[in-house]
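target_11.txt follows; it contains compact mmCIF, C-alpha atoms.
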```txt
# COMPACT_ATOMS: atom_id res chain seq x y z
CA TYR U 1 57.31 -28.62 173.50
CA SER U 2 59.32 -31.42 171.92
CA LYS U 3 56.66 -33.97 172.83
CA SER U 4 53.92 -31.83 171.23
CA THR U 5 55.97 -31.37 168.09
CA THR U 6 56.63 -35.08 167.82
CA LYS U 7 52.94 -35.79 168.30
CA HIS U 8 51.90 -33.43 165.50
CA THR U 9 54.62 -34.79 163.26
CA ASN U 10 53.37 -38.31 163.77
CA ARG U 11 49.83 -37.20 162.87
CA TRP U 12 51.05 -35.59 159.64
CA LEU U 13 53.03 -38.66 158.75
CA THR U 14 49.99 -40.82 159.38
CA PHE U 15 47.83 -38.53 157.26
CA LEU U 16 50.36 -38.46 154.44
CA GLY U 17 50.67 -42.21 154.60
CA ILE U 18 46.94 -42.72 154.31
CA PHE U 19 46.66 -40.12 151.53
CA GLY U 20 49.55 -41.69 149.65
CA ALA U 21 47.99 -45.12 150.02
CA LEU U 22 44.73 -43.80 148.61
CA ILE U 23 46.50 -42.20 145.67
CA LEU U 24 48.45 -45.39 145.03
CA GLY U 25 45.23 -47.37 145.24
CA VAL U 26 43.49 -45.13 142.75
CA VAL U 27 46.45 -45.30 140.36
CA LEU U 28 46.62 -49.08 140.63
CA LEU U 29 42.85 -49.31 140.12
CA MET U 30 42.96 -47.11 137.02
CA GLN U 31 45.67 -49.34 135.60
CA SER U 32 43.91 -52.57 136.45
CA PRO U 33 41.88 -54.60 133.89
CA LEU U 34 38.72 -53.76 135.84
CA PHE U 35 39.07 -50.10 134.89
CA ARG U 36 39.92 -50.62 131.25
CA VAL U 37 37.51 -49.68 128.47
CA THR U 38 37.44 -50.35 124.76
CA LEU U 39 36.80 -47.80 122.02
CA THR U 40 33.78 -49.12 120.13
CA ASN U 41 33.24 -46.28 117.66
CA THR U 42 36.10 -44.85 115.65
CA GLU U 43 33.88 -43.28 112.97
CA MET U 44 30.38 -41.86 113.43
CA HIS U 45 27.81 -40.05 111.28
CA LEU U 46 26.13 -36.86 112.41
CA GLU U 47 23.40 -35.06 110.51
CA LEU U 48 24.06 -31.40 109.86
CA GLY U 49 22.47 -29.26 112.57
CA THR U 50 22.35 -31.94 115.26
CA THR U 51 24.47 -32.09 118.42
CA ALA U 52 27.10 -34.75 119.01
CA SER U 53 26.50 -37.06 121.96
CA THR U 54 28.46 -36.56 125.19
CA THR U 55 27.43 -39.94 126.61
CA PRO U 56 30.57 -42.09 127.10
CA SER U 57 28.78 -45.37 126.36
CA ASP U 58 28.14 -44.16 122.79
CA TYR U 59 31.91 -44.39 122.18
CA ILE U 60 33.43 -46.87 124.63
CA SER U 61 32.49 -50.08 126.40
CA GLY U 62 33.57 -51.54 129.72
CA ALA U 63 32.33 -52.18 133.22
CA ASP U 64 29.06 -50.44 134.00
CA TRP U 65 30.54 -48.62 136.95
CA CYS U 66 33.61 -47.23 135.19
CA VAL U 67 32.33 -46.14 131.74
CA PRO U 68 30.35 -43.16 133.19
CA LEU U 69 33.59 -41.93 134.80
CA SER U 70 34.82 -40.92 131.35
CA TYR U 71 34.63 -37.42 129.88
CA VAL U 72 33.65 -36.77 126.24
CA ASP U 73 34.98 -33.62 124.57
CA THR U 74 32.94 -32.57 121.51
CA SER U 75 34.15 -28.96 121.38
CA ASN U 76 35.83 -29.45 118.00
CA VAL U 77 32.64 -30.52 116.25
CA LYS U 78 30.98 -27.83 114.10
CA LYS U 79 27.43 -29.04 113.84
CA THR U 80 26.40 -26.44 111.24
CA GLN U 81 29.29 -27.10 108.89
CA VAL U 82 29.85 -30.26 106.88
CA GLY U 83 33.20 -31.89 107.65
CA ARG U 84 35.15 -34.50 109.63
CA TYR U 85 35.87 -33.66 113.24
CA PRO U 86 37.57 -35.40 116.19
CA ILE U 87 35.81 -36.28 119.44
CA TYR U 88 38.06 -37.05 122.40
CA ILE U 89 37.12 -39.46 125.19
CA TYR U 90 39.18 -39.21 128.37
CA HIS U 91 39.19 -42.21 130.70
CA GLY U 92 41.71 -42.23 133.51
CA PHE U 93 45.13 -41.72 131.99
CA GLU U 94 43.91 -42.76 128.54
CA LYS U 95 42.69 -40.61 125.65
CA TYR U 96 40.62 -42.09 122.82
CA THR U 97 39.68 -40.46 119.54
CA CYS U 98 36.52 -40.94 117.52
CA TYR U 99 35.93 -39.09 114.27
CA VAL U 100 32.49 -37.79 113.40
CA ASN U 101 31.46 -37.06 109.85
CA VAL U 102 28.94 -34.21 109.68
CA THR U 103 26.89 -34.58 106.50
CA ASP U 104 23.69 -33.15 105.10
CA THR U 105 21.15 -35.72 103.90
CA THR U 106 18.01 -33.91 105.05
CA PRO U 107 15.90 -32.21 102.36
CA PRO U 108 14.78 -28.62 102.86
CA ILE U 109 11.46 -27.96 104.60
CA VAL U 110 9.38 -25.85 102.21
CA THR U 111 6.08 -24.18 103.10
CA CYS U 112 3.98 -21.36 101.73
CA ASP U 113 1.22 -19.38 103.42
CA VAL U 114 -0.51 -18.77 100.07
CA LYS U 115 -1.51 -22.11 98.56
CA ASN U 116 -3.86 -20.56 95.98
CA LYS U 117 -2.81 -17.62 93.88
CA THR U 118 -4.63 -15.72 91.14
CA VAL U 119 -2.85 -14.04 88.24
CA THR U 120 -3.74 -12.75 84.78
CA PRO U 121 -2.50 -13.95 81.40
CA GLY U 122 0.84 -12.44 80.49
CA GLU U 123 1.78 -11.89 84.12
CA ILE U 124 5.17 -13.37 84.96
CA VAL U 125 5.03 -15.75 87.91
CA ALA U 126 8.44 -16.10 89.59
CA VAL U 127 9.27 -18.71 92.22
CA SER U 128 11.11 -16.07 94.23
CA ASN U 129 7.92 -13.98 94.55
CA LEU U 130 5.64 -16.70 95.89
CA GLY U 131 6.56 -16.14 99.54
CA LEU U 132 8.14 -19.54 100.11
CA LYS U 133 9.45 -20.32 103.59
CA ILE U 134 12.50 -22.57 103.47
CA GLU U 135 14.26 -24.20 106.41
CA ASP U 136 17.62 -25.84 105.80
CA TYR U 137 21.01 -25.84 107.50
CA SER U 138 22.90 -25.63 104.20
CA ASP U 139 22.63 -23.08 101.40
CA ILE U 140 19.82 -23.31 98.89
CA LYS U 141 21.15 -24.12 95.43
CA SER U 142 18.04 -23.64 93.33
CA MET U 143 14.26 -23.05 93.33
CA ALA U 144 12.30 -23.74 90.17
CA PHE U 145 9.03 -24.86 88.63
CA THR U 146 9.49 -28.48 87.60
CA ARG U 147 5.98 -29.46 86.58
CA ILE U 148 2.83 -27.65 85.48
CA ALA U 149 -0.47 -29.41 84.90
CA SER U 150 -4.11 -28.45 84.52
CA THR U 151 -7.50 -30.11 84.35
CA HIS U 152 -9.22 -26.76 83.71
CA PHE U 153 -7.53 -25.27 80.69
CA TYR U 154 -9.61 -23.10 78.36
CA THR U 155 -8.67 -20.99 75.39
CA GLY U 156 -11.91 -20.74 73.46
CA LEU U 157 -9.93 -21.37 70.31
CA PRO U 158 -10.91 -24.66 68.69
CA ASP U 159 -7.88 -24.94 66.42
CA GLU U 160 -5.55 -27.93 66.36
CA LYS U 161 -2.75 -26.07 68.11
CA THR U 162 -4.96 -25.33 71.10
CA GLU U 163 -6.03 -28.95 71.38
CA GLU U 164 -2.39 -30.03 71.42
CA MET U 165 -1.62 -27.53 74.18
CA ARG U 166 -4.64 -28.63 76.16
CA ALA U 167 -3.52 -32.27 75.96
CA GLU U 168 0.00 -31.36 77.07
CA TYR U 169 -1.20 -29.39 80.08
CA GLN U 170 -3.62 -32.13 81.14
CA LYS U 171 -0.80 -34.66 80.96
CA GLY U 172 1.55 -32.34 82.80
CA LEU U 173 4.51 -30.44 81.42
CA GLU U 174 7.89 -31.43 82.83
CA MET U 175 10.11 -28.39 82.88
CA TYR U 176 12.72 -26.41 84.78
CA ALA U 177 12.16 -22.68 85.03
CA GLU U 178 12.51 -20.03 87.73
CA GLU U 179 9.62 -18.07 86.23
CA PHE U 180 6.70 -18.79 83.94
CA GLN U 181 4.19 -16.83 81.93
CA PHE U 182 0.72 -18.15 81.21
CA ALA U 183 -0.90 -17.31 77.90
CA PHE U 184 -4.34 -18.75 78.64
CA GLY U 185 -6.78 -18.84 81.47
CA GLY U 186 -7.17 -21.95 83.55
CA ILE U 187 -6.51 -23.57 86.90
CA TYR U 188 -2.99 -24.95 87.10
CA THR U 189 -1.10 -27.12 89.55
CA LEU U 190 2.49 -26.00 89.95
CA THR U 191 5.20 -28.21 91.39
CA ILE U 192 8.10 -26.26 92.85
CA THR U 193 11.35 -28.08 93.59
CA VAL U 194 13.81 -26.63 96.10
CA GLU U 195 17.33 -28.11 96.18
CA ASP U 196 20.07 -27.40 98.70
CA ALA U 197 23.84 -27.35 98.18
CA PHE U 198 24.13 -31.08 98.86
CA HIS U 199 21.48 -32.11 96.30
CA ASN U 200 18.71 -32.78 98.81
CA SER U 201 15.41 -31.62 97.36
CA SER U 202 11.78 -31.12 98.37
CA ASP U 203 8.66 -30.49 96.30
CA LEU U 204 5.81 -28.14 97.07
CA THR U 205 2.54 -28.03 95.13
CA LEU U 206 0.57 -24.81 94.65
CA THR U 207 -2.64 -24.05 92.82
CA LEU U 208 -2.61 -21.13 90.41
CA LYS U 209 -5.69 -19.61 88.85
CA VAL U 210 -5.07 -17.66 85.67
CA GLU U 211 -8.10 -15.45 85.37
CA GLN U 212 -9.21 -13.84 82.12
CA PRO U 213 -12.34 -11.79 81.47
CA PRO U 214 -15.07 -13.40 79.37
CA VAL U 215 -14.82 -12.92 75.64
CA ILE U 216 -17.73 -11.44 73.63
CA GLU U 217 -17.49 -12.02 69.90
CA SER U 218 -19.42 -11.05 66.77
CA VAL U 219 -20.09 -7.54 68.05
CA LYS U 220 -20.31 -5.18 65.07
CA ASP U 221 -22.08 -2.09 63.76
CA TYR U 222 -25.75 -2.62 63.05
CA TYR U 223 -28.11 -0.85 60.69
CA MET U 224 -31.82 -0.79 61.38
CA ALA U 225 -34.94 0.99 60.19
CA ILE U 226 -36.83 3.41 62.41
CA ALA U 227 -39.30 1.75 64.78
CA THR U 228 -37.75 -1.69 64.40
CA GLU U 229 -35.81 -3.87 66.82
CA ILE U 230 -32.72 -6.04 66.57
CA PRO U 231 -32.36 -9.17 68.76
CA PHE U 232 -28.72 -8.43 69.60
CA GLU U 233 -28.36 -11.52 71.79
CA GLU U 234 -28.95 -13.70 68.73
CA HIS U 235 -26.05 -12.13 66.85
CA ILE U 236 -23.30 -12.52 69.43
CA THR U 237 -21.34 -15.37 70.94
CA ALA U 238 -19.55 -15.43 74.26
CA TRP U 239 -17.32 -17.78 76.20
CA ASP U 240 -15.17 -17.82 79.31
CA PHE U 241 -11.77 -19.28 80.06
CA LEU U 242 -12.84 -21.05 83.24
CA ASP U 243 -16.60 -21.45 82.95
CA GLU U 244 -17.48 -23.94 80.23
CA ASP U 245 -21.19 -23.15 80.62
CA PHE U 246 -20.69 -19.48 79.92
CA SER U 247 -22.56 -18.31 76.78
CA ALA U 248 -24.28 -15.33 75.14
CA SER U 249 -27.09 -15.63 77.67
CA ASN U 250 -24.67 -14.33 80.30
CA VAL U 251 -24.06 -11.10 78.39
CA SER U 252 -25.77 -7.91 79.53
CA ILE U 253 -26.90 -5.63 76.70
CA ASP U 254 -27.45 -1.95 77.48
CA THR U 255 -29.67 -0.20 74.89
CA SER U 256 -30.66 2.72 77.12
CA GLU U 257 -29.18 5.26 74.71
CA LEU U 258 -30.74 3.74 71.59
CA GLN U 259 -33.64 5.80 70.17
CA THR U 260 -35.43 3.61 67.65
CA GLU U 261 -37.97 6.32 66.80
CA LYS U 262 -35.32 8.77 65.66
CA ALA U 263 -32.69 8.47 62.96
CA GLY U 264 -29.09 8.66 64.20
CA THR U 265 -26.09 6.74 65.44
CA TYR U 266 -26.39 5.34 68.95
CA PRO U 267 -24.12 3.23 71.16
CA VAL U 268 -25.13 -0.19 72.44
CA TYR U 269 -23.06 -1.63 75.30
CA PHE U 270 -22.26 -5.32 75.75
CA SER U 271 -20.77 -6.49 79.06
CA ALA U 272 -20.19 -9.79 80.78
CA THR U 273 -18.92 -10.88 84.18
CA ASP U 274 -17.95 -14.43 84.95
CA SER U 275 -18.43 -16.25 88.21
```

Let's see the structure in the file written out as structure tokens.
Amino acid sequence: YSKSTTKHTNRWLTFLGIFGALILGVVLLMQSPLFRVTLTNTEMHLELGTTASTTPSDYISGADWCVPLSYVDTSNVKKTQVGRYPIYIYHGFEKYTCYVNVTDTTPPIVTCDVKNKTVTPGEIVAVSNLGLKIEDYSDIKSMAFTRIASTHFYTGLPDEKTEEMRAEYQKGLEMYAEEFQFAFGGIYTLTITVEDAFHNSSDLTLTLKVEQPPVIESVKDYYMAIATEIPFEEHITAWDFLDEDFSASNVSIDTSELQTEKAGTYPVYFSATDS
């Protein structure tokens, strides 16, 4: 029994000796120059919404075989919140710290399913009602019309004021408004600027058609003798806000209720439909 016990004891001592030697070897290796690494990044930039790297070589340098043995802890980094956060790199008995600055420099992504919209004069067009789709990791600070221009701007009014307005719209009006109201028909190009909380902005261009019915002018009461005719089309004028070729020839005249052989008062209907 004593021999068996001594035999087992010797085996345990041998095992403990080998295990201790291995531990001592590992400790000595981890403290040797061959195992040492150098922190290469003390400050890093990270764009809001992206994930911090967990690859050791992005933070430290050293022998190719020992750098991958490190562990990178990025649990303190809040990728959806701007700020300065620590990243810890553990290598052997050493702990290194790198600070990452999470910032937002990416402009919002702005899209719209409806690129062409039709409204009527006097209708208020608000940016918030255009169905914009905005993608951004930070809050949106503002959405507004910043430019309105038109190459098809018609009023039918040949006065000096109208010509000035036409020239301004053709050149493009720089502005800042969350809503706009069009007084005249035309086809307009709207530039919408969306800005986030960190002053990153994106522009989106939409086409807006302001549609007005044709205008028939010079319609009045007529007096005529029995059994005579009046060329009504020669006494009226007509124009359209979007169709420059529109004229009195496009007007339909309904005289079905007019009885020229009988004295009385009869209605005559004038109607026009643009293209």

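Counting all atoms listed in the file and comparing U:Ala52, U:Ala177, U:Ile134, U:Val268, the residue that lies closest to U:Cys98 is U:Ala52.
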
Per-axis box centre and lengths in Å around stretch 197-203 of chain U, 5 Å margin per side, axis-aligned, as JSON:
```
{"center_x": 16.4, "center_y": -30.1, "center_z": 97.6, "size_x": 25.5, "size_y": 15.4, "size_z": 12.6}
```

**Prompt:** With all atoms listed in the file as the basis for distance, which of U:Ser249, U:Thr54, U:Ser128, U:Thr120 is at the shortest distance from U:Val210?
**Reply:** U:Thr120

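A search radius of 12 Å centred on (-28.1, -15.0, 69.8), applied to all atoms listed in the file, returns the residues Ile216, Glu217, Ser218, Val219, Ile230, Pro231, Phe232, Glu233, Glu234, His235, Ile236, Thr237, Ala238, Ser247, Ala248, Ser249, Asn250, Val251 and Ile253 of chain U.
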
**Shell of 8 Å around U:Val37, all atoms listed in the file, local chain residues under 4 positions omitted, as a PyMOL selection string** = chain U and resi 60-63+67+91

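Atom to atom, atom CA of U:Pro56 and atom CA of U:Asp73 stand 9.9 Å apart.
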
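Here atom CA of U:Leu208 is placed at a distance of 10.6 Å from atom CA of U:Thr191.
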
**Asked** Taking into account only C-alpha atoms, which residue in the set U:Ile89, U:Met165, U:Leu206, U:Met143 is nearest to U:Lys117?
**Response** U:Leu206

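Atom to atom, atom CA of U:Lys78 and atom CA of U:Ser201 stand 23.2 Å apart.
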
Would you kindly return, as a PDB file with C-alpha atoms, in the frame of the given file, each protein, DNA or RNA residue with an atom no farther than 12 Å from any atom of U:His152, considering all atoms listed in the file and excluding same-chain residues fewer than 6 positions away?
```pdb
ATOM      1  CA  ARG U 166      -4.640 -28.630  76.160  1.00  0.00           C
ATOM      2  CA  ALA U 167      -3.520 -32.270  75.960  1.00  0.00           C
ATOM      3  CA  TYR U 169      -1.200 -29.390  80.080  1.00  0.00           C
ATOM      4  CA  GLN U 170      -3.620 -32.130  81.140  1.00  0.00           C
ATOM      5  CA  LYS U 171      -0.800 -34.660  80.960  1.00  0.00           C
ATOM      6  CA  PHE U 184      -4.340 -18.750  78.640  1.00  0.00           C
ATOM      7  CA  GLY U 185      -6.780 -18.840  81.470  1.00  0.00           C
ATOM      8  CA  GLY U 186      -7.170 -21.950  83.550  1.00  0.00           C
ATOM      9  CA  ILE U 187      -6.510 -23.570  86.900  1.00  0.00           C
ATOM     10  CA  TYR U 188      -2.990 -24.950  87.100  1.00  0.00           C
ATOM     11  CA  THR U 189      -1.100 -27.120  89.550  1.00  0.00           C
ATOM     12  CA  THR U 207      -2.640 -24.050  92.820  1.00  0.00           C
ATOM     13  CA  LEU U 208      -2.610 -21.130  90.410  1.00  0.00           C
ATOM     14  CA  LYS U 209      -5.690 -19.610  88.850  1.00  0.00           C
ATOM     15  CA  VAL U 210      -5.070 -17.660  85.670  1.00  0.00           C
ATOM     16  CA  GLU U 211      -8.100 -15.450  85.370  1.00  0.00           C
ATOM     17  CA  ASP U 240     -15.170 -17.820  79.310  1.00  0.00           C
ATOM     18  CA  PHE U 241     -11.770 -19.280  80.060  1.00  0.00           C
ATOM     19  CA  LEU U 242     -12.840 -21.050  83.240  1.00  0.00           C
ATOM     20  CA  ASP U 243     -16.600 -21.450  82.950  1.00  0.00           C
ATOM     21  CA  GLU U 244     -17.480 -23.940  80.230  1.00  0.00           C
TER      22      GLU U 244
END
```

**Prompt:** Which neighbours of U:Gln81 fall inside 9 Å, counting all atoms listed in the file, when residues of the same chain fewer than 6 positions from it are skipped, and could you give them as a ChimeraX atom specification?
**Reply:** /U:48-49,102-103,137-138

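Once U:Lys95 and its same-chain neighbours fewer than 6 positions away are set aside, Arg36, Val37, Thr38, Leu39, Tyr59, Ile60, Ser70, Tyr71, Val72, Asp73, Pro86, Ile87, Tyr88 and Ile89 of chain U remain within 12 Å of it when counting only C-alpha atoms.
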
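Closest approach to U:Pro108 from the set U:Asp245, U:Glu123, U:Asp196, U:Glu257 is made by U:Asp196, with distances taken over all atoms listed in the file.
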
List every protein, DNA or RNA residue with an atom no more than 9 Å from (9.2, -21.7, 99.1) in the file's coordinates, counting only C-alpha atoms, and format the result as a compact mmCIF listing (two decimals) with C-alpha atoms, keeping the file's coordinate frame.
```txt
# COMPACT_ATOMS: atom_id res chain seq x y z
CA ILE U 109 11.46 -27.96 104.60
CA VAL U 110 9.38 -25.85 102.21
CA THR U 111 6.08 -24.18 103.10
CA CYS U 112 3.98 -21.36 101.73
CA VAL U 127 9.27 -18.71 92.22
CA SER U 128 11.11 -16.07 94.23
CA LEU U 130 5.64 -16.70 95.89
CA GLY U 131 6.56 -16.14 99.54
CA LEU U 132 8.14 -19.54 100.11
CA LYS U 133 9.45 -20.32 103.59
CA ILE U 134 12.50 -22.57 103.47
CA MET U 143 14.26 -23.05 93.33
CA ILE U 192 8.10 -26.26 92.85
CA THR U 193 11.35 -28.08 93.59
CA VAL U 194 13.81 -26.63 96.10
CA LEU U 204 5.81 -28.14 97.07
```

**Item:** Nearest to U:Ser142 by atom-to-atom distance, counting only C-alpha atoms, from U:Ser202, U:Gln212, U:Thr55, U:Asn129
**Value:** U:Ser202
